[in-house]
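Source file: query-v9.cif. Holds: mmCIF, C-alpha atoms.
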data_entry
loop_
_atom_site.label_atom_id
_atom_site.label_comp_id
_atom_site.auth_asym_id
_atom_site.auth_seq_id
_atom_site.Cartn_x
_atom_site.Cartn_y
_atom_site.Cartn_z
CA MET A 108 -104.97 0.50 -91.42
CA THR A 109 -106.20 2.90 -94.08
CA SER A 110 -107.35 6.43 -93.39
CA LEU A 111 -110.96 7.26 -94.18
CA LYS A 112 -109.80 10.47 -95.85
CA GLU A 113 -107.64 8.50 -98.27
CA ILE A 114 -110.57 6.23 -99.14
CA ILE A 115 -112.88 9.19 -99.80
CA ASP A 116 -110.29 10.85 -102.02
CA THR A 117 -109.12 7.78 -103.94
CA LEU A 118 -112.62 6.41 -104.58
CA SER A 119 -113.99 9.94 -105.26
CA LEU A 120 -116.80 9.39 -102.79
CA GLU A 121 -119.36 12.10 -102.17
CA THR A 122 -120.00 12.71 -98.50
CA VAL A 123 -123.58 13.62 -97.73
CA VAL A 124 -123.24 14.51 -94.06
CA SER A 125 -120.99 17.01 -92.34
CA VAL A 126 -119.45 14.39 -90.05
CA SER A 127 -115.69 14.85 -90.26
CA ALA A 128 -113.57 12.08 -91.73
CA GLU A 129 -110.41 13.76 -90.46
CA GLY A 130 -108.10 11.55 -88.47
CA ARG A 131 -110.33 8.47 -88.64
CA SER A 132 -108.92 5.07 -89.50
CA VAL A 133 -110.72 2.20 -91.15
CA MET A 134 -110.09 -1.07 -89.34
CA GLY A 135 -111.78 -3.28 -91.91
CA GLY A 136 -114.59 -3.64 -94.39
CA TYR A 137 -117.87 -5.47 -94.81
CA ALA A 138 -120.31 -5.67 -97.72
CA SER A 139 -123.93 -6.85 -97.75
CA ASP A 140 -127.38 -5.44 -98.38
CA LEU A 141 -128.95 -7.50 -95.64
CA LEU A 142 -129.06 -5.56 -92.40
CA SER A 143 -128.90 -8.55 -90.10
CA CYS A 144 -125.84 -9.78 -91.97
CA ALA A 145 -124.19 -6.41 -91.49
CA MET A 146 -125.16 -6.61 -87.81
CA LYS A 147 -123.31 -9.89 -87.64
CA GLY A 148 -120.32 -9.21 -89.88
CA ALA A 149 -119.45 -5.53 -89.56
CA LYS A 150 -117.43 -4.42 -86.56
CA LYS A 151 -116.42 -1.25 -84.79
CA ASP A 152 -114.53 1.15 -87.10
CA TYR A 153 -115.33 -0.93 -90.18
CA VAL A 154 -116.63 0.63 -93.37
CA TRP A 155 -119.84 -0.96 -94.65
CA VAL A 156 -120.59 -1.12 -98.39
CA THR A 157 -124.27 -1.48 -99.32
CA LEU A 158 -126.80 -0.26 -101.85
CA GLN A 159 -129.41 0.25 -99.14
CA SER A 160 -129.88 3.93 -98.41
CA HIS A 161 -132.75 4.10 -95.92
CA LEU A 162 -132.94 5.14 -92.29
CA ASN A 163 -132.17 1.74 -90.82
CA VAL A 164 -128.73 1.81 -92.40
CA VAL A 165 -127.91 4.68 -90.05
CA ALA A 166 -129.33 2.77 -87.08
CA VAL A 167 -127.16 -0.27 -87.84
CA ALA A 168 -124.03 1.85 -88.43
CA SER A 169 -124.59 3.75 -85.21
CA LEU A 170 -125.26 0.64 -83.12
CA LEU A 171 -122.07 -0.96 -84.41
CA ASN A 172 -119.95 2.23 -84.21
CA LEU A 173 -118.96 1.86 -87.84
CA VAL A 174 -116.53 4.39 -89.26
CA GLY A 175 -118.87 5.01 -92.20
CA VAL A 176 -121.18 3.59 -94.85
CA ILE A 177 -120.52 3.63 -98.59
CA ILE A 178 -123.84 3.61 -100.47
CA THR A 179 -123.38 2.23 -103.98
CA GLU A 180 -125.02 2.36 -107.42
CA GLY A 181 -126.01 5.99 -107.15
CA ASN A 182 -128.58 5.46 -104.42
CA ARG A 183 -129.09 8.66 -102.42
CA PRO A 184 -130.36 8.70 -98.86
CA ASP A 185 -133.43 10.90 -98.36
CA PRO A 186 -133.16 14.11 -96.28
CA GLU A 187 -134.58 12.38 -93.21
CA THR A 188 -131.87 9.73 -93.37
CA VAL A 189 -129.19 12.39 -93.83
CA ALA A 190 -130.55 14.32 -90.85
CA ARG A 191 -130.46 11.19 -88.68
CA ALA A 192 -126.91 10.44 -89.82
CA GLU A 193 -125.87 13.98 -88.83
CA LYS A 194 -127.43 13.49 -85.43
CA GLU A 195 -125.86 10.10 -84.82
CA GLY A 196 -122.50 11.14 -86.28
CA VAL A 197 -122.60 8.47 -88.99
CA LEU A 198 -120.60 9.31 -92.11
CA LEU A 199 -122.59 8.42 -95.25
CA MET A 200 -120.68 8.38 -98.53
CA ILE A 201 -122.21 7.80 -101.94
CA THR A 202 -120.87 6.59 -105.26
CA PRO A 203 -122.29 5.61 -108.66
CA LYS A 204 -120.01 2.53 -108.67
CA THR A 205 -121.24 -0.97 -107.86
CA THR A 206 -120.54 -2.68 -104.57
CA PHE A 207 -118.21 -5.09 -106.39
CA THR A 208 -116.07 -2.25 -107.76
CA VAL A 209 -115.96 -0.43 -104.44
CA VAL A 210 -114.89 -3.53 -102.55
CA GLY A 211 -112.15 -4.13 -105.15
CA GLU A 212 -110.87 -0.60 -104.72
CA LEU A 213 -111.01 -0.82 -100.94
CA THR A 214 -109.03 -4.05 -101.05
CA SER A 215 -106.32 -2.49 -103.20
CA LEU A 216 -106.09 0.33 -100.64
CA GLY A 217 -105.32 -2.29 -98.03
CA VAL A 218 -108.70 -2.51 -96.31
CA ARG A 219 -109.16 -6.04 -95.03
CA ALA A 220 -111.82 -7.96 -93.18
CA GLU A 221 -111.22 -10.59 -90.59
CA THR A 222 -110.49 -13.79 -92.45
CA GLN A 223 -112.29 -15.93 -89.94
CA ASP A 224 -115.97 -16.75 -90.16
CA PRO A 225 -117.90 -13.66 -89.08
CA GLY A 226 -120.20 -16.00 -87.19
CA ARG A 227 -117.75 -15.98 -84.30
CA TRP A 228 -118.44 -13.32 -81.72
CA MET B 30 -121.71 18.71 -100.35
CA ALA B 31 -118.62 20.24 -98.90
CA GLN B 32 -117.26 19.02 -95.61
CA VAL B 33 -118.20 21.40 -92.84
CA PRO B 34 -115.51 21.21 -90.18
CA LYS B 35 -116.78 20.29 -86.76
CA PHE B 36 -116.69 22.96 -84.08
CA THR B 37 -114.13 22.35 -81.44
CA LYS B 38 -115.02 22.83 -77.79
CA ILE B 39 -112.98 26.07 -77.77
CA GLN B 40 -114.83 27.47 -80.76
CA GLU B 41 -118.11 26.65 -79.08
CA LEU B 42 -117.00 28.31 -75.87
CA ILE B 43 -115.81 31.58 -77.38
CA TYR B 44 -119.31 32.02 -78.76
CA GLU B 45 -121.04 30.97 -75.56
CA LEU B 46 -118.94 32.59 -72.89
CA PRO B 47 -119.83 36.22 -72.07
CA ILE B 48 -116.94 38.65 -71.63
CA GLU B 49 -117.93 39.39 -68.03
CA ARG B 50 -117.12 35.78 -67.10
CA VAL B 51 -113.47 36.12 -68.13
CA MET B 52 -112.64 39.83 -67.62
CA LYS B 53 -110.84 41.33 -64.64
CA LYS B 54 -113.42 43.08 -62.51
CA GLY B 55 -113.02 45.88 -59.97
CA VAL B 56 -110.56 47.58 -62.18
CA ILE B 57 -107.61 49.38 -60.70
CA ARG B 58 -107.44 52.86 -62.14
CA VAL B 59 -105.14 55.86 -62.06
CA SER B 60 -105.84 59.54 -62.42
CA PRO B 61 -104.35 61.57 -65.29
CA GLU B 62 -102.16 63.40 -62.77
CA THR B 63 -100.47 60.22 -61.50
CA SER B 64 -96.76 60.30 -62.36
CA MET B 65 -95.19 57.55 -64.44
CA THR B 66 -93.08 56.54 -61.40
CA GLU B 67 -96.24 56.10 -59.34
CA LEU B 68 -97.78 54.17 -62.21
CA LYS B 69 -94.82 51.78 -62.15
CA GLU B 70 -95.65 50.98 -58.49
CA VAL B 71 -99.34 50.49 -59.25
CA LEU B 72 -98.51 48.01 -62.03
CA ARG B 73 -95.88 46.23 -59.95
CA VAL B 74 -97.92 45.87 -56.77
CA ASN B 75 -101.03 44.70 -58.61
CA ARG B 76 -99.07 42.58 -61.08
CA ILE B 77 -100.93 44.01 -64.04
CA SER B 78 -99.77 45.30 -67.37
CA GLY B 79 -102.04 48.27 -67.89
CA VAL B 80 -104.75 50.42 -66.32
CA PRO B 81 -107.53 52.71 -67.45
CA VAL B 82 -107.08 56.41 -66.71
CA MET B 83 -110.09 58.03 -65.08
CA GLU B 84 -110.77 61.67 -64.44
CA ASP B 85 -113.48 61.74 -61.76
CA ASP B 86 -115.80 59.11 -63.17
CA ARG B 87 -114.92 59.69 -66.75
CA LEU B 88 -112.67 57.42 -68.76
CA VAL B 89 -110.01 59.51 -70.49
CA GLY B 90 -107.37 57.02 -71.62
CA VAL B 91 -105.41 53.82 -71.09
CA ILE B 92 -101.83 53.48 -69.97
CA SER B 93 -99.78 50.31 -70.17
CA ILE B 94 -96.41 48.86 -69.29
CA GLU B 95 -95.26 49.56 -72.87
CA ASP B 96 -95.92 53.27 -72.33
CA LEU B 97 -93.95 53.06 -69.08
CA ILE B 98 -90.97 51.42 -70.79
CA LYS B 99 -90.94 54.13 -73.44
CA ALA B 100 -91.03 56.79 -70.72
CA LEU B 101 -88.11 55.06 -68.93
CA VAL B 102 -86.10 54.93 -72.14
CA GLU B 103 -86.77 58.57 -72.80
CA GLY B 104 -86.09 59.54 -69.17
CA ASP B 105 -89.57 60.97 -68.85
CA VAL B 106 -90.60 59.13 -65.66
CA GLU B 107 -91.79 62.18 -63.78
CA ALA B 108 -94.31 63.04 -66.51
CA PRO B 109 -97.99 62.72 -65.61
CA VAL B 110 -99.87 59.81 -67.07
CA ARG B 111 -102.00 62.32 -69.02
CA LYS B 112 -99.01 63.09 -71.23
CA ARG B 113 -98.11 59.51 -72.18
CA MET B 114 -101.45 57.66 -72.16
CA ALA B 115 -103.25 56.36 -75.22
CA THR B 116 -106.51 58.14 -75.78
CA ARG B 117 -107.80 55.73 -78.36
CA MET B 118 -109.95 53.45 -76.27
CA ILE B 119 -111.31 50.22 -77.64
CA THR B 120 -114.28 49.00 -75.66
CA VAL B 121 -116.40 45.88 -75.62
CA ARG B 122 -119.66 45.31 -73.78
CA GLU B 123 -119.60 42.91 -70.84
CA ASN B 124 -122.59 40.92 -72.10
CA GLU B 125 -121.08 40.27 -75.54
CA SER B 126 -119.48 36.90 -76.18
CA VAL B 127 -115.73 36.42 -76.01
CA VAL B 128 -115.56 36.09 -79.79
CA GLU B 129 -116.31 39.84 -80.11
CA ALA B 130 -113.27 40.60 -78.00
CA VAL B 131 -111.14 38.21 -80.07
CA LYS B 132 -112.21 40.08 -83.22
CA LYS B 133 -111.33 43.46 -81.69
CA PHE B 134 -107.91 42.27 -80.56
CA ALA B 135 -107.22 41.13 -84.12
CA GLN B 136 -108.58 44.32 -85.64
CA TYR B 137 -106.93 46.95 -83.41
CA LYS B 138 -103.77 45.14 -82.30
CA VAL B 139 -104.16 46.43 -78.76
CA GLY B 140 -103.06 44.66 -75.59
CA ARG B 141 -106.23 45.27 -73.59
CA LEU B 142 -109.83 46.11 -74.11
CA LEU B 143 -111.99 48.21 -71.81
CA VAL B 144 -115.17 46.48 -70.79
CA VAL B 145 -118.27 48.60 -70.29
CA ASN B 146 -121.84 47.85 -69.25
CA ASP B 147 -124.94 48.86 -71.18
CA GLN B 148 -124.78 52.32 -69.57
CA GLY B 149 -121.27 52.79 -70.91
CA GLN B 150 -119.67 52.64 -67.45
CA LEU B 151 -116.33 50.88 -67.13
CA THR B 152 -116.79 47.54 -65.37
CA GLY B 153 -113.61 45.69 -66.20
CA ILE B 154 -110.57 45.20 -68.33
CA LEU B 155 -109.72 42.34 -70.64
CA THR B 156 -106.40 41.04 -71.95
CA GLY B 157 -105.57 38.09 -74.18
CA GLY B 158 -104.36 36.27 -71.08
CA ASP B 159 -107.76 36.72 -69.40
CA ILE B 160 -109.41 35.05 -72.37
CA THR B 161 -107.01 32.11 -72.30
CA ARG B 162 -107.48 31.65 -68.55
CA GLY B 163 -111.25 32.00 -68.88
CA LEU B 164 -111.42 29.40 -71.63
CA LEU B 165 -109.20 26.97 -69.75
CA GLY B 166 -111.38 27.42 -66.67
CA ALA B 167 -114.58 26.87 -68.63
CA ILE B 168 -113.19 23.75 -70.32
CA SER B 169 -112.12 22.19 -67.06
CA LEU B 170 -115.49 23.05 -65.50
CA ASP B 171 -117.26 21.38 -68.40
CA TYR B 172 -114.95 18.43 -68.14
CA HIS B 173 -115.54 18.10 -64.41
CA ALA B 174 -119.31 18.31 -64.82
CA GLU B 175 -119.13 15.55 -67.42
CA GLU B 176 -116.81 13.46 -65.22
CA ILE B 177 -119.11 13.84 -62.23
CA SER B 178 -122.18 12.90 -64.22
CA ARG B 179 -120.37 9.87 -65.65
CA TYR B 180 -119.18 8.84 -62.24
CA ARG B 181 -122.68 9.14 -60.80
CA ALA B 182 -124.19 7.09 -63.61
CA LYS B 183 -121.55 4.39 -63.19
CA HIS B 184 -122.15 4.13 -59.48
CA ILE B 185 -125.90 4.43 -59.49
CA PHE B 186 -126.30 0.82 -58.41
CA GLU B 187 -123.97 1.36 -55.47
CA ASP B 188 -125.62 4.63 -54.49
CA ILE B 189 -129.11 3.20 -54.46
CA ALA B 190 -129.04 0.20 -52.22
CA SER B 191 -131.70 -2.46 -52.08
CA ASP B 192 -131.75 -6.24 -52.01
CA GLN B 193 -132.16 -6.21 -55.75
CA THR B 194 -131.99 -2.94 -57.68
CA SER B 195 -132.97 -2.82 -61.29
CA LEU B 196 -133.44 -0.10 -63.81
CA ILE B 197 -136.25 -0.70 -66.26
CA LEU B 198 -136.33 0.93 -69.67
CA ARG B 199 -139.57 0.45 -71.61
CA TYR B 200 -140.10 1.28 -75.26
CA LYS B 201 -143.29 1.07 -77.27
CA VAL B 202 -142.52 -0.25 -80.75
CA GLU B 203 -145.01 0.62 -83.51
CA PRO B 204 -145.85 -1.94 -86.22
CA LYS B 205 -144.24 -1.39 -89.67
CA ASP B 206 -142.66 1.87 -88.48
CA PHE B 207 -139.28 1.28 -90.12
CA LYS B 208 -138.28 4.92 -89.74
CA LYS B 209 -138.06 4.46 -86.00
CA GLY B 210 -136.28 1.12 -86.37
CA GLY B 211 -133.33 0.99 -84.02
CA ASN B 212 -134.46 3.90 -81.84
CA ALA B 213 -135.19 1.80 -78.77
CA SER B 214 -132.05 -0.31 -79.12
CA SER B 215 -129.81 2.73 -79.54
CA LYS B 216 -131.27 4.18 -76.34
CA ILE B 217 -130.55 0.94 -74.51
CA LYS B 218 -127.02 1.00 -75.90
CA ARG B 219 -126.56 4.60 -74.77
CA ALA B 220 -127.79 3.75 -71.27
CA LEU B 221 -125.23 0.96 -71.01
CA ASP B 222 -122.49 3.26 -72.30
CA ARG B 223 -123.48 5.75 -69.64
CA LEU B 224 -123.42 3.10 -66.94
CA GLY B 225 -119.86 2.20 -67.92
CA GLY B 226 -120.49 -1.15 -69.61
CA ILE B 227 -117.78 -3.20 -71.32
CA PRO B 228 -117.73 -2.36 -75.08
CA GLU B 229 -117.79 -6.00 -76.21
CA VAL B 230 -120.83 -6.67 -74.02
CA ILE B 231 -122.56 -3.47 -75.11
CA ARG B 232 -122.12 -4.61 -78.70
CA ARG B 233 -123.86 -7.91 -77.99
CA VAL B 234 -126.67 -6.12 -76.16
CA ALA B 235 -127.06 -3.60 -79.02
CA ILE B 236 -127.28 -6.33 -81.67
CA SER B 237 -129.78 -8.44 -79.71
CA ALA B 238 -131.95 -5.45 -78.82
CA TYR B 239 -131.91 -4.23 -82.43
CA GLU B 240 -132.93 -7.59 -83.86
CA ALA B 241 -135.69 -7.96 -81.27
CA GLU B 242 -136.92 -4.44 -81.99
CA MET B 243 -136.92 -5.03 -85.76
CA ASN B 244 -138.85 -8.27 -85.28
CA LEU B 245 -141.59 -6.34 -83.48
CA ILE B 246 -141.67 -3.74 -86.27
CA ILE B 247 -141.68 -6.31 -89.09
CA HIS B 248 -143.89 -9.04 -87.71
CA ALA B 249 -146.09 -7.94 -84.81
CA ASP B 250 -149.60 -6.92 -85.95
CA GLN B 251 -149.94 -4.24 -83.33
CA GLY B 252 -146.28 -3.69 -82.62
CA GLY B 253 -145.16 -4.47 -79.13
CA GLU B 254 -143.00 -3.54 -76.23
CA LEU B 255 -139.26 -3.72 -75.81
CA ILE B 256 -138.23 -3.78 -72.18
CA ALA B 257 -134.69 -3.72 -70.86
CA GLU B 258 -134.25 -4.61 -67.22
CA LEU B 259 -130.82 -3.60 -66.04
CA GLN B 260 -129.26 -5.02 -62.92
CA PRO B 261 -125.72 -4.42 -61.72
CA ASP B 262 -124.40 -7.49 -63.47
CA VAL B 263 -127.03 -8.57 -65.93
CA ILE B 264 -129.41 -7.19 -68.53
CA ARG B 265 -132.66 -8.90 -69.42
CA ILE B 266 -134.30 -7.78 -72.65
CA LEU B 267 -137.93 -8.65 -73.25
CA ALA B 268 -139.76 -8.26 -76.54
CA ILE B 269 -143.46 -8.83 -76.13
CA ASP B 270 -146.26 -8.65 -78.68
CA GLN B 271 -149.90 -9.67 -79.10
CA GLY B 272 -149.60 -11.66 -82.26
CA PRO B 273 -149.71 -13.05 -84.87
CA GLY B 274 -147.51 -15.62 -83.06
CA ILE B 275 -145.00 -18.07 -84.50
CA PRO B 276 -146.40 -21.44 -85.65
CA ASP B 277 -143.07 -23.27 -85.42
CA VAL B 278 -140.55 -21.75 -83.04
CA GLU B 279 -137.81 -24.22 -83.90
CA GLN B 280 -138.14 -23.44 -87.60
CA ALA B 281 -138.11 -19.69 -86.86
CA MET B 282 -134.84 -20.17 -85.00
CA SER B 283 -133.10 -21.80 -87.97
CA ALA B 284 -130.78 -19.70 -90.09
CA GLY B 285 -132.23 -18.44 -93.36
CA PHE B 286 -135.86 -19.03 -92.44
CA SER B 287 -138.02 -15.92 -92.70
CA THR B 288 -141.67 -15.15 -93.22
CA ALA B 289 -141.01 -11.52 -94.15
CA PRO B 290 -142.81 -10.44 -97.33
CA ASN B 291 -140.88 -9.33 -100.40
CA TRP B 292 -141.18 -5.58 -99.87
CA ILE B 293 -139.56 -5.96 -96.47
CA ARG B 294 -136.79 -8.15 -97.88
CA GLU B 295 -136.04 -5.46 -100.43
CA LEU B 296 -135.26 -3.12 -97.56
CA GLY B 297 -132.62 -5.59 -96.48
CA PHE B 298 -134.61 -7.23 -93.69
CA GLY B 299 -135.96 -10.74 -93.52
CA ALA B 300 -132.64 -12.48 -94.10
CA GLY B 301 -133.71 -15.09 -91.60
CA ILE B 302 -130.78 -14.53 -89.29
CA GLY B 303 -132.21 -12.06 -86.78
CA LEU B 304 -133.01 -14.69 -84.17
CA VAL B 305 -129.77 -16.52 -85.00
CA ASN B 306 -127.87 -13.29 -84.31
CA ILE B 307 -129.65 -12.89 -80.99
CA ASN B 308 -128.89 -16.45 -80.02
CA LYS B 309 -125.19 -15.92 -80.69
CA CYS B 310 -125.06 -12.68 -78.72
CA ALA B 311 -127.10 -13.78 -75.75
CA ASP B 312 -125.95 -15.77 -72.75
CA SER B 313 -129.39 -17.25 -72.84
CA MET B 314 -132.56 -16.69 -74.83
CA LYS B 315 -136.08 -18.00 -74.54
CA LEU B 316 -138.67 -17.69 -77.29
CA GLU B 317 -142.25 -18.59 -76.48
CA SER B 318 -145.09 -18.09 -78.89
CA THR B 319 -148.71 -19.04 -79.36
CA VAL B 320 -150.44 -18.37 -82.65
CA GLY B 321 -153.25 -15.88 -82.17
CA VAL B 322 -152.00 -14.90 -78.72
CA GLY B 323 -148.54 -13.47 -79.08
CA THR B 324 -144.81 -13.89 -78.72
CA ARG B 325 -142.47 -13.36 -75.80
CA LEU B 326 -138.73 -13.25 -76.35
CA GLU B 327 -136.43 -13.07 -73.38
CA ILE B 328 -132.72 -12.37 -73.78
CA VAL B 329 -130.24 -12.49 -70.93
CA ILE B 330 -126.75 -11.05 -71.20
CA TYR B 331 -124.27 -10.89 -68.32
CA LEU B 332 -122.59 -7.52 -68.12
CA ARG B 333 -119.36 -8.73 -66.54
CA PRO B 334 -117.36 -11.83 -67.41
CA GLU B 335 -117.23 -12.80 -63.71
CA SER B 336 -120.99 -12.86 -63.37
CA ARG B 337 -121.33 -15.05 -66.45
CA GLU B 338 -118.82 -17.55 -65.09
CA LYS B 339 -120.52 -17.56 -61.72
CA GLN B 340 -123.83 -18.26 -63.41
CA ASN B 341 -122.41 -21.07 -65.54
CA HIS B 342 -120.83 -22.58 -62.47
CA LYS B 343 -124.16 -22.47 -60.67
CA LYS B 344 -125.86 -24.12 -63.63
CA GLU B 345 -123.35 -26.97 -63.54
CA GLU B 346 -123.88 -27.39 -59.82
CA ASP B 347 -127.66 -27.56 -60.34
CA GLN B 348 -127.26 -30.17 -63.04
CA LYS B 349 -125.15 -32.48 -60.89
CA PRO B 350 -127.13 -35.53 -59.92
CA SER B 351 -127.73 -35.54 -56.20
#
What do you get writing this file as structure tokens?
Amino acid sequence: MTSLKEIIDTLSLETVVSVSAEGRSVMGGYASDLLSCAMKGAKKDYVWVTLQSHLNVVAVASLLNLVGVIITEGNRPDPETVARAEKEGVLLMITPKTTFTVVGELTSLGVRAETQDPGRW
Amino acid sequence: MAQVPKFTKIQELIYELPIERVMKKGVIRVSPETSMTELKEVLRVNRISGVPVMEDDRLVGVISIEDLIKALVEGDVEAPVRKRMATRMITVRENESVVEAVKKFAQYKVGRLLVVNDQGQLTGILTGGDITRGLLGAISLDYHAEEISRYRAKHIFEDIASDQTSLILRYKVEPKDFKKGGNASSKIKRALDRLGGIPEVIRRVAISAYEAEMNLIIHADQGGELIAELQPDVIRILAIDQGPGIPDVEQAMSAGFSTAPNWIRELGFGAGIGLVNINKCADSMKLESTVGVGTRLEIVIYLRPESREKQNHKKEEDQKPS
């Protein structure tokens, strides 16, 4: 279990909402730019890595109770998306790095995903 | 952007709560001619640590247990209060919020503040202890109100008796309105949370409702309607539209098949697994569609493991050859 704070600090992520990362633990990770795949593969208290930065990212993260979303390759959510994230309490973090790099760094911090096929519910 | 720390409930309350809600009202007072020995009795009997000193109706000072101790030490117990009272009086207005009092306590290092109304008349007295008690009271009141409302929501189906009670939530879903994507499903999720659903089941409901909602947004010409019918042990989600309709339902149900145009795929939709996701989450799903007429998707999810087992058992019974 890795703390969200540690991830933000180590990966030098910029947080774009005022949702507090304090005391939150990351139970696992998931990466994909397809929303339905994230719906299937990401779980409660997971961190989701994607280059998508639009409103529906917040909807997916909120529905799944994710611990946060790391938006890669310098994509910035628009103000409307940020406002929705504030309202829903979804922590959006941005980075210029690629998804591949971020996942590598998360893995070395000990963030794991379930090894089984995410198709199982 | 810097992290703005979240307000705690206490911080919220000290801004919201007016001083008059936490102060001691009907203040006990002494006259300037009261002796320190008499004052000792007043403090002891009323179990307080200080009182305002009033001459007729005019506030002239404050005297506290600290002043009494000093008088005892100095053997000056027969002195009148007038001689030993503090004349510096720090006041706060009763309609100000508690935070103003907290600031004054920090600024003046006094043990009690005098509370006055808008006309400047003394209406109460306030100590640090009063604030603590007031905050604790307000928190537990808040907590109780929340508990009661949760309890009521959880037991709504028991409170309202009928042969079959259901709660119907209807949402109009606009075509191509991606900005509102997920609004209806998050409201359905919240309703289930409120009703005390099992987290694992709520998750399956949230995913199915979201995928159904997105399908209406992406594919339905005129959008459609997302309807959640909640019964004590089952939720039925209906997504209904007026076209274009699906030419080959079986093909639509297969993983990876999607008719979404490129611009929608770039947004991360159209992976061709929406319906597959629904099928995995649902206890049963039925997709009916006629090209040019419309599509009707029905999803059933049992809210309690017992009710699912019961249903499966019934199904097996029905299938037994007679």
From B:Gly274, B:Pro81, B:Pro47, B:Gly225, residue lying nearest Pro261 (chain B) [only C-alpha atoms]
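With only C-alpha atoms as the atom set, the closest residue is B:Gly225.
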Residues selected by the PyMOL selection byres ((chain B and resi 185) around 12), written as JSON, numbers by chain:
{"B": [177, 178, 179, 180, 181, 182, 183, 184, 186, 187, 188, 189, 190, 191, 194, 195, 196, 220, 223, 224, 225, 259, 260, 261]}
Do me a favour and pick out the residues of chain B within 9 Å of chain A, using all atoms listed in the file, as a tab-separated table (two decimals) with C-alpha atoms, in the coordinates of the input.
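Resulting contents of result_5.tsv:
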chain	number	residue	atom	x	y	z
B	30	MET	CA	-121.71	18.71	-100.35
B	31	ALA	CA	-118.62	20.24	-98.90
B	32	GLN	CA	-117.26	19.02	-95.61
B	33	VAL	CA	-118.20	21.40	-92.84
B	34	PRO	CA	-115.51	21.21	-90.18
B	35	LYS	CA	-116.78	20.29	-86.76
B	207	PHE	CA	-139.28	1.28	-90.12
B	208	LYS	CA	-138.28	4.92	-89.74
B	209	LYS	CA	-138.06	4.46	-86.00
B	210	GLY	CA	-136.28	1.12	-86.37
B	211	GLY	CA	-133.33	0.99	-84.02
B	212	ASN	CA	-134.46	3.90	-81.84
B	214	SER	CA	-132.05	-0.31	-79.12
B	215	SER	CA	-129.81	2.73	-79.54
B	218	LYS	CA	-127.02	1.00	-75.90
B	232	ARG	CA	-122.12	-4.61	-78.70
B	233	ARG	CA	-123.86	-7.91	-77.99
B	235	ALA	CA	-127.06	-3.60	-79.02
B	236	ILE	CA	-127.28	-6.33	-81.67
B	239	TYR	CA	-131.91	-4.23	-82.43
B	240	GLU	CA	-132.93	-7.59	-83.86
B	294	ARG	CA	-136.79	-8.15	-97.88
B	295	GLU	CA	-136.04	-5.46	-100.43
B	296	LEU	CA	-135.26	-3.12	-97.56
B	297	GLY	CA	-132.62	-5.59	-96.48
B	298	PHE	CA	-134.61	-7.23	-93.69
B	299	GLY	CA	-135.96	-10.74	-93.52
B	300	ALA	CA	-132.64	-12.48	-94.10
B	301	GLY	CA	-133.71	-15.09	-91.60
B	302	ILE	CA	-130.78	-14.53	-89.29
B	303	GLY	CA	-132.21	-12.06	-86.78
B	306	ASN	CA	-127.87	-13.29	-84.31
B	309	LYS	CA	-125.19	-15.92	-80.69
B	310	CYS	CA	-125.06	-12.68	-78.72
12 Å contact set for Phe207 (chain A), all atoms listed in the file, chain neighbours under 3 positions out, as a count of residues only
17
For the file shown, what are the residues hit by the PyMOL selection byres ((chain B and resi 55) around 7), laid out as a PyMOL selection string?
chain B and resi 53-54+56-57+152-153
Would you save the residues of that selection, restricted to C-alpha atoms, as a short mmCIF file (atom, residue, chain, number, x, y, z; two decimals), in the coordinates of the input?
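Generated file (selection.cif):
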data_model
loop_
_atom_site.label_atom_id
_atom_site.label_comp_id
_atom_site.auth_asym_id
_atom_site.auth_seq_id
_atom_site.Cartn_x
_atom_site.Cartn_y
_atom_site.Cartn_z
CA LYS B 53 -110.84 41.33 -64.64
CA LYS B 54 -113.42 43.08 -62.51
CA VAL B 56 -110.56 47.58 -62.18
CA ILE B 57 -107.61 49.38 -60.70
CA THR B 152 -116.79 47.54 -65.37
CA GLY B 153 -113.61 45.69 -66.20
#
Give me the residues within 9 Å of Leu72 (chain B) as a list in words, counting all atoms listed in the file and dropping any in the same chain fewer than 6 places off.
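After dropping sequence-adjacent residues, the list is Ser78, Gly79, Val80, Ser93 and Ile94 of chain B.
Reported to one decimal place, the separation of CA of Ile201 (chain A) from CA of Tyr153 (chain A) is 16.2 Å.
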Write out as a list in words each polymer residue whose atoms come within 8 Å of Arg219 (chain A), counting all atoms listed in the file; drop sequence neighbours fewer than 5 positions from it.
Met134, Gly135, Gly136 and Thr214 of chain A
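For the structure shown here, the set of residues caught by the PyMOL selection byres ((chain A and resi 176) around 8) is A:Val154, A:Trp155, A:Val156, A:Thr157, A:Ala168, A:Leu173, A:Val174, A:Gly175, A:Ile177, A:Ile178, A:Val197, A:Leu198, A:Leu199, A:Met200.
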Output C-alpha atoms for every residue in the selection just made, as an mmCIF file, in the frame of the given file.
data_model
loop_
_atom_site.group_PDB
_atom_site.id
_atom_site.type_symbol
_atom_site.label_atom_id
_atom_site.label_comp_id
_atom_site.auth_asym_id
_atom_site.auth_seq_id
_atom_site.Cartn_x
_atom_site.Cartn_y
_atom_site.Cartn_z
ATOM 1 C CA VAL A 154 -116.630 0.630 -93.370
ATOM 2 C CA TRP A 155 -119.840 -0.960 -94.650
ATOM 3 C CA VAL A 156 -120.590 -1.120 -98.390
ATOM 4 C CA THR A 157 -124.270 -1.480 -99.320
ATOM 5 C CA ALA A 168 -124.030 1.850 -88.430
ATOM 6 C CA LEU A 173 -118.960 1.860 -87.840
ATOM 7 C CA VAL A 174 -116.530 4.390 -89.260
ATOM 8 C CA GLY A 175 -118.870 5.010 -92.200
ATOM 9 C CA ILE A 177 -120.520 3.630 -98.590
ATOM 10 C CA ILE A 178 -123.840 3.610 -100.470
ATOM 11 C CA VAL A 197 -122.600 8.470 -88.990
ATOM 12 C CA LEU A 198 -120.600 9.310 -92.110
ATOM 13 C CA LEU A 199 -122.590 8.420 -95.250
ATOM 14 C CA MET A 200 -120.680 8.380 -98.530
#
